[in-house]
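The structure appears right after this line, and notes come after that.
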Amino acid sequence: MVFKRRTPRSYLQALAEFFYPRGGWTRAGWYVIHRLRRLPDPAHKIARGIAAGVFTSFTPLFGFHFLVSAGLAWAMRGNILAALLGTFIGNPLTFPIIATVSVELGSRMLGLEHGVPLPSVVSSFSYASLELWTNLKAVFTGRPVQWSNLHGFFSYVFMPYLVGGIPTGILAAVMSYVASRPLISAYQKARIKRLKKKYEKRRAAVEAARHKTTGTGGAGLKHSS
């Protein structure tokens, strides 16, 4: 295949690049910013898409962030690609902060005594995913189905994360919209100005070359007569 790697990555390499991309997080961040600046939509639509992606990053719907952010962007009439890029605000560097704040706030809103510590949140998602996959396979293998761990997971981890992630996600989305819209608008205006300047410069060069050719041809005809 044309876009297939010559040397396939191992699982350890893929996992390592998930937590620390090749070139570092700084380069990855600049890549996202570069892609956002190249989007053709108006600034307000791109900013709406970014807000949708940022909000989705505060939800515990891991594995569905792209789908949810795209749906929100479509409902908000925002740029869908900007929404997908906006989900990168949720990464291994920011996840500990997002998860801790969301679970703690959600636990208080639901009247629970205290939030689940971050290591327990990570392990709970792992165990819940494993149990869900095991129960799905049990439909075909006939093994007994166990839902005990999932009940505790939804009660003390998932629901607090979801409930606490909604207000924090809305706050982060509003802040990202307010911050990104004027920046994108200013960049687009500056880019249009640069393109117009290049166009006028090329046009002037073409006109100068045309006048030079016309003047030379006229001088040659005058000389021959």
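Residue numbers start at 1 in each chain; chains themselves are named A, B, ... in the order of the structure tokens; ligands are numbered from 1 in the order shown.
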Val122 (chain A): which residues within 12 Å, counting only C-alpha atoms, same-chain residues fewer than 5 positions away excluded, as a list in words?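 In the requested form, the answer reads Pro60, Phe62, Pro92, Phe95, Pro96, Ala99, Thr100, Val103, Val116, Pro117, Tyr127, Ala128, Ser129, Phe153, Val157, Phe158 and Tyr161 of chain A.
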Neighbouring residues of Thr56 (chain A) were defined as those with any atom within 8 Å, considering only C-alpha atoms; residues of the same chain fewer than 2 positions away were excluded. Please report them as a PyMOL selection string. chain A and resi 52-54+58-59+65+68-69+87+169
Minimum-distance residue to Ser155 (chain A), chosen among A:Ile192, A:Leu183, A:Leu105, A:Leu112 (using only C-alpha atoms): A:Leu112
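With only C-alpha atoms as the atoms that count, the residue of A:Ala82, A:Ala172, A:Val178, A:Ile97 with the shortest distance to Pro42 (chain A) is A:Ala82.
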